[in-house]
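*Asks:* The following file, entry03.cif, comprises mmCIF, C-alpha atoms:
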```
data_start
loop_
_atom_site.label_atom_id
_atom_site.label_comp_id
_atom_site.auth_asym_id
_atom_site.auth_seq_id
_atom_site.Cartn_x
_atom_site.Cartn_y
_atom_site.Cartn_z
CA MET R 1 -14.58 28.87 -9.41
CA SER R 2 -13.55 27.34 -12.68
CA ILE R 3 -15.34 27.69 -15.98
CA ILE R 4 -16.90 24.32 -15.20
CA THR R 5 -18.36 25.14 -11.79
CA GLN R 6 -19.45 28.53 -13.11
CA ALA R 7 -21.38 27.01 -16.01
CA ILE R 8 -22.95 24.40 -13.75
CA ALA R 9 -24.02 27.04 -11.23
CA ASN R 10 -25.62 29.08 -14.02
CA ALA R 11 -27.45 26.07 -15.42
CA ASP R 12 -28.64 24.98 -11.99
CA ARG R 13 -30.04 28.42 -11.25
CA GLU R 14 -32.38 27.86 -14.18
CA ALA R 15 -32.83 24.13 -13.45
CA ARG R 16 -31.66 23.15 -16.90
CA TYR R 17 -28.95 21.13 -18.56
CA LEU R 18 -25.89 22.88 -19.87
CA SER R 19 -26.40 24.32 -23.31
CA ARG R 20 -24.45 23.17 -26.31
CA GLY R 21 -22.43 26.38 -26.25
CA GLU R 22 -21.55 25.99 -22.58
CA LEU R 23 -20.49 22.39 -23.13
CA GLU R 24 -18.34 23.39 -26.07
CA THR R 25 -16.64 26.04 -23.93
CA ILE R 26 -15.97 23.44 -21.26
CA ASP R 27 -14.72 20.97 -23.83
CA HIS R 28 -12.32 23.60 -25.10
CA PHE R 29 -11.15 24.16 -21.55
CA PHE R 30 -10.48 20.42 -21.20
CA HIS R 31 -8.45 20.48 -24.38
CA ASP R 32 -6.31 23.38 -23.18
CA GLY R 33 -5.84 21.63 -19.86
CA GLN R 34 -2.64 19.80 -20.80
CA GLN R 35 -1.15 23.10 -21.89
CA ARG R 36 -1.99 24.79 -18.58
CA LEU R 37 -0.65 21.87 -16.57
CA ARG R 38 2.58 22.01 -18.54
CA ILE R 39 3.01 25.72 -17.81
CA ALA R 40 2.21 25.14 -14.14
CA SER R 41 4.90 22.53 -13.86
CA ILE R 42 7.46 24.78 -15.56
CA LEU R 43 6.67 27.45 -12.96
CA THR R 44 6.71 24.98 -10.08
CA ASN R 45 10.07 23.56 -11.11
CA ASN R 46 11.62 26.99 -11.43
CA VAL R 47 10.17 28.79 -8.45
CA GLN R 48 13.42 29.03 -6.60
CA ALA R 49 15.28 30.54 -9.54
CA ILE R 50 12.42 32.92 -10.26
CA VAL R 51 12.28 34.17 -6.70
CA GLU R 52 16.04 34.54 -6.55
CA LYS R 53 16.28 36.52 -9.76
CA GLY R 54 13.14 38.46 -8.94
CA SER R 55 14.53 39.54 -5.59
CA GLN R 56 17.79 40.72 -7.10
CA ARG R 57 15.90 42.77 -9.63
CA PHE R 58 13.60 44.12 -6.94
CA TRP R 59 16.40 45.23 -4.63
CA GLN R 60 18.15 46.96 -7.51
CA ARG R 61 15.01 48.94 -8.21
CA CYS R 62 13.90 49.50 -4.64
CA ALA R 63 17.07 49.54 -2.60
CA ILE R 64 15.37 51.17 0.36
CA THR R 65 12.86 48.57 1.50
CA PRO R 66 12.52 46.48 4.68
CA SER R 67 13.70 43.28 3.03
CA ASN R 68 16.91 45.01 1.89
CA SER R 69 17.63 46.72 5.19
CA GLY R 70 19.97 44.03 6.49
CA SER R 71 17.33 42.33 8.62
CA GLU R 72 17.47 38.64 7.88
CA ARG R 73 13.96 38.13 9.11
CA PHE R 74 12.51 40.71 6.76
CA GLN R 75 14.50 39.28 3.90
CA ALA R 76 13.32 35.74 4.60
CA SER R 77 9.71 36.93 4.85
CA CYS R 78 10.02 38.71 1.53
CA LEU R 79 11.33 35.58 -0.18
CA ARG R 80 8.64 33.48 1.46
CA ASP R 81 5.88 35.80 0.30
CA GLN R 82 7.20 35.79 -3.24
CA ALA R 83 7.14 32.00 -3.34
CA TRP R 84 3.68 32.19 -1.83
CA PHE R 85 2.40 34.46 -4.60
CA MET R 86 4.07 32.30 -7.23
CA ARG R 87 2.15 29.37 -5.83
CA LEU R 88 -1.13 31.22 -6.23
CA ILE R 89 -0.16 32.07 -9.80
CA THR R 90 0.38 28.39 -10.61
CA TYR R 91 -3.03 27.57 -9.12
CA ALA R 92 -4.65 30.26 -11.25
CA VAL R 93 -2.96 28.93 -14.38
CA VAL R 94 -4.21 25.42 -13.66
CA VAL R 95 -7.80 26.41 -12.96
CA GLY R 96 -7.78 29.08 -15.68
CA ASP R 97 -9.24 31.69 -13.36
CA ILE R 98 -8.11 34.49 -11.05
CA ASP R 99 -10.09 33.04 -8.17
CA PRO R 100 -7.16 31.53 -6.22
CA ILE R 101 -5.24 34.82 -6.47
CA GLU R 102 -8.27 36.81 -5.44
CA ALA R 103 -9.28 34.56 -2.57
CA SER R 104 -5.90 33.86 -1.01
CA GLY R 105 -3.73 36.73 -2.19
CA VAL R 106 -5.46 39.95 -3.09
CA ARG R 107 -8.36 40.02 -0.64
CA GLY R 108 -6.96 41.59 2.48
CA GLY R 109 -3.50 41.76 0.95
CA LYS R 110 -3.26 45.52 1.00
CA ALA R 111 -4.53 45.74 4.56
CA MET R 112 -2.05 43.11 5.69
CA TYR R 113 0.99 44.83 4.18
CA LEU R 114 -0.18 48.20 5.45
CA SER R 115 -0.46 46.87 8.97
CA LEU R 116 3.01 45.34 8.65
CA GLU R 117 4.24 48.76 7.50
CA ILE R 118 5.59 47.38 4.28
CA PRO R 119 5.25 49.93 1.49
CA LEU R 120 2.63 48.66 -0.97
CA ARG R 121 4.35 50.39 -3.84
CA ASN R 122 7.38 48.19 -3.21
CA VAL R 123 5.31 45.03 -2.88
CA ALA R 124 3.73 45.76 -6.25
CA GLU R 125 7.16 46.48 -7.75
CA CYS R 126 8.40 43.17 -6.39
CA MET R 127 5.52 41.37 -8.10
CA ARG R 128 6.35 43.22 -11.30
CA CYS R 129 9.92 41.90 -11.07
CA LEU R 130 8.62 38.37 -10.52
CA LYS R 131 6.45 38.79 -13.59
CA GLU R 132 9.31 39.96 -15.78
CA VAL R 133 11.63 37.19 -14.65
CA THR R 134 8.93 34.56 -15.13
CA LEU R 135 7.85 35.72 -18.57
CA ASP R 136 11.49 35.83 -19.67
CA MET R 137 11.78 32.12 -19.12
CA LEU R 138 8.60 31.18 -21.01
CA THR R 139 7.82 30.99 -24.70
CA LEU R 140 5.77 33.83 -26.12
CA GLU R 141 2.62 31.75 -26.13
CA ASP R 142 3.02 30.53 -22.55
CA ALA R 143 3.90 34.04 -21.42
CA ALA R 144 0.64 35.31 -22.90
CA GLU R 145 -1.20 32.78 -20.76
CA VAL R 146 0.59 33.62 -17.51
CA GLY R 147 1.03 37.38 -17.85
CA PRO R 148 -2.57 38.43 -17.10
CA TYR R 149 -2.56 36.62 -13.76
CA PHE R 150 0.45 38.63 -12.66
CA ASP R 151 -1.26 41.79 -13.89
CA TYR R 152 -4.31 40.98 -11.80
CA LEU R 153 -2.14 40.39 -8.76
CA ILE R 154 -0.21 43.61 -9.28
CA GLN R 155 -3.41 45.58 -9.79
CA GLY R 156 -4.72 44.16 -6.55
CA LEU R 157 -1.68 45.30 -4.59
CA VAL R 158 -0.89 48.76 -5.96
CA PRO R 159 -1.76 51.44 -3.45
CA MET O 1 -19.52 23.70 -5.21
CA GLN O 2 -16.22 22.24 -6.33
CA ASP O 3 -14.82 20.43 -9.33
CA ALA O 4 -11.84 18.11 -9.64
CA ILE O 5 -9.53 21.11 -10.18
CA THR O 6 -10.73 23.43 -7.44
CA THR O 7 -10.85 20.60 -4.89
CA LEU O 8 -7.18 19.88 -5.51
CA ILE O 9 -6.19 23.53 -5.43
CA ASN O 10 -8.07 24.22 -2.22
CA SER O 11 -6.51 21.31 -0.39
CA SER O 12 -3.02 22.27 -1.64
CA ASP O 13 -3.54 25.91 -0.71
CA VAL O 14 -4.49 25.05 2.86
CA GLN O 15 -1.23 23.12 3.17
CA GLY O 16 0.72 25.80 1.37
CA LYS O 17 2.15 23.40 -1.14
CA TYR O 18 2.59 23.43 -4.88
CA LEU O 19 0.61 20.96 -6.95
CA ASP O 20 2.79 17.87 -6.81
CA ASP O 21 3.26 15.27 -9.52
CA ALA O 22 0.47 13.07 -8.22
CA SER O 23 -2.00 15.97 -8.27
CA LEU O 24 -0.93 17.02 -11.75
CA GLU O 25 -1.32 13.44 -12.91
CA ASN O 26 -4.85 13.37 -11.50
CA LEU O 27 -5.77 16.55 -13.30
CA GLN O 28 -4.23 15.30 -16.49
CA SER O 29 -6.48 12.26 -16.53
CA TYR O 30 -9.46 14.48 -15.70
CA PHE O 31 -8.67 16.73 -18.68
CA ARG O 32 -8.04 13.75 -20.91
CA SER O 33 -11.47 12.33 -20.14
CA GLY O 34 -13.05 15.74 -20.69
CA ASP O 35 -14.22 15.09 -24.19
CA LEU O 36 -15.98 11.96 -23.01
CA ARG O 37 -17.73 13.85 -20.21
CA ALA O 38 -18.85 16.72 -22.38
CA ARG O 39 -20.18 14.39 -25.07
CA ALA O 40 -22.01 12.26 -22.52
CA ALA O 41 -23.57 15.38 -21.01
CA MET O 42 -24.80 16.39 -24.45
CA THR O 43 -26.36 12.97 -25.06
CA ILE O 44 -28.01 12.89 -21.65
CA SER O 45 -29.50 16.36 -21.96
CA ALA O 46 -30.93 15.50 -25.36
CA ASN O 47 -32.52 12.31 -24.01
CA ALA O 48 -33.26 13.23 -20.41
CA SER O 49 -37.00 12.64 -20.40
CA MET O 50 -36.59 9.35 -22.20
CA ILE O 51 -34.02 8.18 -19.66
CA VAL O 52 -36.38 9.04 -16.83
CA THR O 53 -39.31 7.30 -18.50
CA LYS O 54 -37.29 4.15 -19.07
CA THR O 55 -35.93 4.24 -15.54
CA VAL O 56 -39.37 4.49 -13.99
CA ALA O 57 -40.65 1.72 -16.25
CA LYS O 58 -37.74 -0.49 -15.34
CA ALA O 59 -37.67 -0.08 -11.57
CA LEU O 60 -41.01 1.24 -10.34
CA LEU O 61 -43.93 1.15 -12.72
CA TYR O 62 -44.84 -2.52 -12.41
CA THR O 63 -44.29 -2.88 -8.69
CA ASP O 64 -46.63 -2.44 -5.74
CA ILE O 65 -45.45 1.10 -5.27
CA THR O 66 -47.72 2.40 -8.04
CA ALA O 67 -50.73 0.42 -6.82
CA PRO O 68 -53.27 1.89 -4.38
CA GLY O 69 -51.56 2.18 -0.99
CA GLY O 70 -48.12 2.50 -2.58
CA ASN O 71 -46.10 5.66 -2.29
CA MET O 72 -46.41 6.45 -5.99
CA TYR O 73 -50.18 5.99 -6.00
CA THR O 74 -52.15 9.04 -7.10
CA CYS O 75 -50.85 10.92 -10.05
CA ARG O 76 -49.60 13.74 -7.88
CA ARG O 77 -47.16 11.48 -6.07
CA TYR O 78 -46.21 9.74 -9.29
CA ALA O 79 -45.36 13.12 -10.79
CA ALA O 80 -43.29 14.05 -7.73
CA CYS O 81 -41.31 10.85 -8.14
CA VAL O 82 -40.67 11.54 -11.82
CA ARG O 83 -39.54 15.06 -10.93
CA ASP O 84 -37.08 13.72 -8.37
CA MET O 85 -35.69 11.26 -10.91
CA ASP O 86 -35.24 14.22 -13.21
CA TYR O 87 -33.26 15.97 -10.48
CA PHE O 88 -31.03 12.97 -9.87
CA LEU O 89 -30.22 12.72 -13.55
CA ARG O 90 -29.49 16.43 -13.94
CA TYR O 91 -27.33 16.67 -10.81
CA GLY O 92 -25.59 13.42 -11.68
CA THR O 93 -24.71 14.96 -15.03
CA TYR O 94 -23.38 18.10 -13.35
CA ALA O 95 -21.24 16.01 -11.00
CA MET O 96 -19.88 13.95 -13.88
CA LEU O 97 -18.85 17.12 -15.72
CA ALA O 98 -17.22 18.50 -12.59
CA GLY O 99 -15.61 15.17 -11.75
CA ASP O 100 -16.54 15.86 -8.14
CA PRO O 101 -19.48 14.83 -5.93
CA SER O 102 -19.67 18.02 -3.86
CA ILE O 103 -22.61 19.41 -5.83
CA LEU O 104 -24.58 16.28 -4.98
CA ASP O 105 -23.81 16.64 -1.29
CA GLU O 106 -24.68 20.32 -1.23
CA ARG O 107 -27.71 20.50 -3.46
CA VAL O 108 -29.30 17.05 -3.52
CA LEU O 109 -28.36 14.87 -0.58
CA ASN O 110 -28.34 17.54 2.10
CA GLY O 111 -31.49 16.70 4.09
CA LEU O 112 -32.92 14.44 1.39
CA LYS O 113 -33.01 11.31 3.49
CA GLU O 114 -34.84 13.15 6.27
CA THR O 115 -37.31 14.60 3.77
CA TYR O 116 -38.01 11.19 2.28
CA ASN O 117 -38.44 9.64 5.69
CA SER O 118 -40.91 12.28 6.76
CA LEU O 119 -42.87 11.90 3.52
CA GLY O 120 -42.81 8.13 3.80
CA VAL O 121 -40.91 7.72 0.53
CA PRO O 122 -39.29 4.27 0.60
CA VAL O 123 -35.52 4.63 0.38
CA GLY O 124 -35.05 1.07 -0.88
CA ALA O 125 -37.20 1.68 -3.95
CA THR O 126 -35.47 5.01 -4.57
CA VAL O 127 -32.07 3.36 -4.51
CA ARG O 128 -33.29 0.66 -6.89
CA ALA O 129 -34.58 3.36 -9.22
CA VAL O 130 -31.28 5.26 -9.18
CA GLN O 131 -29.46 2.01 -9.94
CA ALA O 132 -31.85 1.44 -12.83
CA MET O 133 -31.12 4.97 -14.01
CA LYS O 134 -27.43 4.10 -13.99
CA GLU O 135 -28.09 1.13 -16.26
CA VAL O 136 -30.39 3.06 -18.62
CA THR O 137 -27.93 5.95 -18.86
CA THR O 138 -25.00 3.61 -19.46
CA GLU O 139 -26.87 1.96 -22.33
CA MET O 140 -27.28 5.38 -23.85
CA VAL O 141 -23.83 6.93 -23.40
CA GLY O 142 -21.68 3.80 -23.61
CA ALA O 143 -19.73 1.81 -21.06
CA GLU O 144 -16.87 4.24 -20.50
CA ALA O 145 -18.96 7.34 -19.87
CA GLY O 146 -21.42 5.15 -18.01
CA ARG O 147 -18.72 4.29 -15.53
CA GLU O 148 -17.94 7.98 -15.02
CA ILE O 149 -21.51 8.98 -14.26
CA GLY O 150 -22.19 5.67 -12.51
CA THR O 151 -19.92 6.57 -9.61
CA PHE O 152 -22.09 9.62 -8.97
CA PHE O 153 -25.34 7.66 -9.09
CA ASP O 154 -23.73 5.33 -6.57
CA HIS O 155 -22.85 8.38 -4.50
CA ILE O 156 -26.53 9.37 -4.42
CA CYS O 157 -27.46 5.85 -3.32
CA SER O 158 -24.91 5.74 -0.54
CA GLY O 159 -26.04 9.16 0.60
CA LEU O 160 -29.60 7.90 0.88
CA SER O 161 -28.98 4.65 2.70
#
```
Go ahead and render the structure in this file as structure tokens.
*Replies:*
Amino acid sequence: MSIITQAIANADREARYLSRGELETIDHFFHDGQQRLRIASILTNNVQAIVEKGSQRFWQRCAITPSNSGSERFQASCLRDQAWFMRLITYAVVVGDIDPIEASGVRGGKAMYLSLEIPLRNVAECMRCLKEVTLDMLTLEDAAEVGPYFDYLIQGLVP
Amino acid sequence: MQDAITTLINSSDVQGKYLDDASLENLQSYFRSGDLRARAAMTISANASMIVTKTVAKALLYTDITAPGGNMYTCRRYAACVRDMDYFLRYGTYAMLAGDPSILDERVLNGLKETYNSLGVPVGATVRAVQAMKEVTTEMVGAEAGREIGTFFDHICSGLS
């Protein structure tokens, strides 16, 4: 759900038009839209570099982890999942809401990694590395926009 | 219920792909027209009952439908018609804000044709009334915003016929 669908759903529940305040909030959201799209394309264009640097940082911190055990399959899966989570982050930035992260990433995420016997603590650490690497490459203002989505993701994956 | 943004994200997510340039371009034009949509919504909500009154006057009031034997004859049925016009305008406004017709499909059109058929409400007259509503609304909000909301009134019409 975006701010827009949320406001519409609220208004419809009461069978009314959107209030002036709600419309102003939405208008504000439209205005910030260009900004969010710009950040999303920075992230999209740099995903590979972010995942590469993030992995290096992760394996330094958590040397004993399946993806660093010499198994190419585990390593490839780890890289794939990182790119996958980065994708959800870009969605969240665009829509301005945690919903994509929640729906496709966090819900069931813990259970999935547990069943794969991948230590959750390490998954969360890996996300933390992705966050650091990503925020390093953004301006302070953009970083402030993106940071909370990583925090939400990390919170959703810590054991 | 979806809007222009969530529709794009959902379809990209299912395919596992990042938002490509074409999608970003689409969203950009949606955001750019945001001011227009929000302002039009404000105008419509301030003038909703007047728009409905004018619409009914333009398309229905002076036709056989309000005469004895017509489907709008008796005040009760007249009132039901006005209420439905109210709905169309409100949901059309929602859809315009969202830039997406899914709310119309889910909350207005789903089963509407069947309901109208069983109540004997003439679809042709309803479509004419919605088209009249498009014209009345466009006069009020201006040509550009009128085009935006017009596509959703057309969506209601095509869902009915």
*Asks:* What are the residues of chain O that have an atom within 7 Å of an atom of chain R, counting all atoms listed in the file, as a PyMOL selection string?
*Replies:* chain O and resi 1-3+5-6+9+18+24+28+31+34-35+38+45+90+94+98
*Asks:* Assuming the chain letters and numbering stay as they are in my file, what does the PyMOL selection byres ((chain O and resi 59) around 8) actually select? List them as a PDB file with C-alpha atoms, in the frame of the given file.
*Replies:*
```pdb
ATOM      1  CA  THR O  55     -35.930   4.240 -15.540  1.00  0.00           C
ATOM      2  CA  VAL O  56     -39.370   4.490 -13.990  1.00  0.00           C
ATOM      3  CA  ALA O  57     -40.650   1.720 -16.250  1.00  0.00           C
ATOM      4  CA  LYS O  58     -37.740  -0.490 -15.340  1.00  0.00           C
ATOM      5  CA  LEU O  60     -41.010   1.240 -10.340  1.00  0.00           C
ATOM      6  CA  LEU O  61     -43.930   1.150 -12.720  1.00  0.00           C
ATOM      7  CA  TYR O  62     -44.840  -2.520 -12.410  1.00  0.00           C
ATOM      8  CA  THR O  63     -44.290  -2.880  -8.690  1.00  0.00           C
ATOM      9  CA  ALA O 125     -37.200   1.680  -3.950  1.00  0.00           C
ATOM     10  CA  ARG O 128     -33.290   0.660  -6.890  1.00  0.00           C
ATOM     11  CA  ALA O 129     -34.580   3.360  -9.220  1.00  0.00           C
ATOM     12  CA  ALA O 132     -31.850   1.440 -12.830  1.00  0.00           C
TER      13      ALA O 132
END
```
*Asks:* Could you check the closest approach to R:Ala144 for each of R:Lys131, R:Lys110, R:Cys126, R:Asn10 and tell me which residue wins, using all atoms listed in the file?
*Replies:*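 Of R:Lys131, R:Lys110, R:Cys126, R:Asn10, the one nearest R:Ala144 is R:Lys131, counting all atoms listed in the file.
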*Asks:* Given the file shown, determine the residues that the PyMOL selection byres ((chain O and resi 146) around 10) selects; report them as a ChimeraX atom specification.
*Replies:* /O:37,40,96,134-145,147-151
*Asks:* Please save C-alpha atoms of the selected residues as a CSV table (one decimal), in the frame of the given file.
*Replies:*
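See result-v5.csv below for the written result:
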```csv
chain,number,residue,atom,x,y,z
O,37,ARG,CA,-17.7,13.8,-20.2
O,40,ALA,CA,-22.0,12.3,-22.5
O,96,MET,CA,-19.9,14.0,-13.9
O,134,LYS,CA,-27.4,4.1,-14.0
O,135,GLU,CA,-28.1,1.1,-16.3
O,136,VAL,CA,-30.4,3.1,-18.6
O,137,THR,CA,-27.9,6.0,-18.9
O,138,THR,CA,-25.0,3.6,-19.5
O,139,GLU,CA,-26.9,2.0,-22.3
O,140,MET,CA,-27.3,5.4,-23.8
O,141,VAL,CA,-23.8,6.9,-23.4
O,142,GLY,CA,-21.7,3.8,-23.6
O,143,ALA,CA,-19.7,1.8,-21.1
O,144,GLU,CA,-16.9,4.2,-20.5
O,145,ALA,CA,-19.0,7.3,-19.9
O,147,ARG,CA,-18.7,4.3,-15.5
O,148,GLU,CA,-17.9,8.0,-15.0
O,149,ILE,CA,-21.5,9.0,-14.3
O,150,GLY,CA,-22.2,5.7,-12.5
O,151,THR,CA,-19.9,6.6,-9.6
```
*Asks:* Selected by the PyMOL selection byres ((chain O and resi 101-105) around 9) in the shown coordinates: which residues, as a ChimeraX atom specification?
*Replies:* /O:1-3,88,91-92,94-96,98-100,106-110,152,155-156,159
*Asks:* So the first atom is atom CA of R:Asn122 and the second is atom CA of R:Ile50; what is the distance between them in Å, to one decimal place?
*Replies:*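 Atom CA of R:Ile50 lies 17.6 Å from atom CA of R:Asn122.
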*Asks:* Enter the distance from atom CA of R:Ile42 to atom CA of R:Leu130, in Å, rounded to one decimal.
*Replies:*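 One can read the atom CA of R:Ile42 to atom CA of R:Leu130 distance as 14.5 Å.
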*Asks:* One decimal, Å: what's the distance from atom CA of R:Arg121 over to atom CA of R:Glu52, could you say?
*Replies:*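 Distance reported for this atom pair: 19.9 Å.
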*Asks:* Reconstruct stretch 95-107 of chain R at the level of N, CA and C atoms, and format the result as an mmCIF file, in the coordinates of the input.
*Replies:*
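As a result, part.cif now contains:
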```cif
data_model
loop_
_atom_site.group_PDB
_atom_site.id
_atom_site.type_symbol
_atom_site.label_atom_id
_atom_site.label_comp_id
_atom_site.auth_asym_id
_atom_site.auth_seq_id
_atom_site.Cartn_x
_atom_site.Cartn_y
_atom_site.Cartn_z
ATOM 1 N N VAL R 95 -6.342 26.359 -12.955
ATOM 2 C CA VAL R 95 -7.800 26.410 -12.960
ATOM 3 C C VAL R 95 -8.307 27.368 -14.051
ATOM 4 N N GLY R 96 -7.388 28.165 -14.604
ATOM 5 C CA GLY R 96 -7.780 29.080 -15.680
ATOM 6 C C GLY R 96 -8.634 30.228 -15.183
ATOM 7 N N ASP R 97 -8.412 30.642 -13.943
ATOM 8 C CA ASP R 97 -9.240 31.690 -13.360
ATOM 9 C C ASP R 97 -8.458 32.431 -12.285
ATOM 10 N N ILE R 98 -8.812 33.707 -12.064
ATOM 11 C CA ILE R 98 -8.110 34.490 -11.050
ATOM 12 C C ILE R 98 -8.520 34.132 -9.630
ATOM 13 N N ASP R 99 -9.506 33.282 -9.489
ATOM 14 C CA ASP R 99 -10.090 33.040 -8.170
ATOM 15 C C ASP R 99 -9.067 32.725 -7.062
ATOM 16 N N PRO R 100 -8.107 31.808 -7.291
ATOM 17 C CA PRO R 100 -7.160 31.530 -6.220
ATOM 18 C C PRO R 100 -6.351 32.767 -5.811
ATOM 19 N N ILE R 101 -6.011 33.617 -6.787
ATOM 20 C CA ILE R 101 -5.240 34.820 -6.470
ATOM 21 C C ILE R 101 -6.106 35.779 -5.659
ATOM 22 N N GLU R 102 -7.336 35.918 -6.117
ATOM 23 C CA GLU R 102 -8.270 36.810 -5.440
ATOM 24 C C GLU R 102 -8.531 36.338 -4.007
ATOM 25 N N ALA R 103 -8.841 35.050 -3.868
ATOM 26 C CA ALA R 103 -9.280 34.560 -2.570
ATOM 27 C C ALA R 103 -8.148 34.499 -1.546
ATOM 28 N N SER R 104 -6.959 34.065 -1.989
ATOM 29 C CA SER R 104 -5.900 33.860 -1.010
ATOM 30 C C SER R 104 -4.824 34.943 -1.039
ATOM 31 N N GLY R 105 -4.820 35.771 -2.074
ATOM 32 C CA GLY R 105 -3.730 36.730 -2.190
ATOM 33 C C GLY R 105 -4.161 38.174 -2.123
ATOM 34 N N VAL R 106 -5.119 38.534 -2.950
ATOM 35 C CA VAL R 106 -5.460 39.950 -3.090
ATOM 36 C C VAL R 106 -6.395 40.421 -1.969
ATOM 37 N N ARG R 107 -7.388 39.602 -1.658
ATOM 38 C CA ARG R 107 -8.360 40.020 -0.640
ATOM 39 C C ARG R 107 -7.653 40.162 0.702
#
```
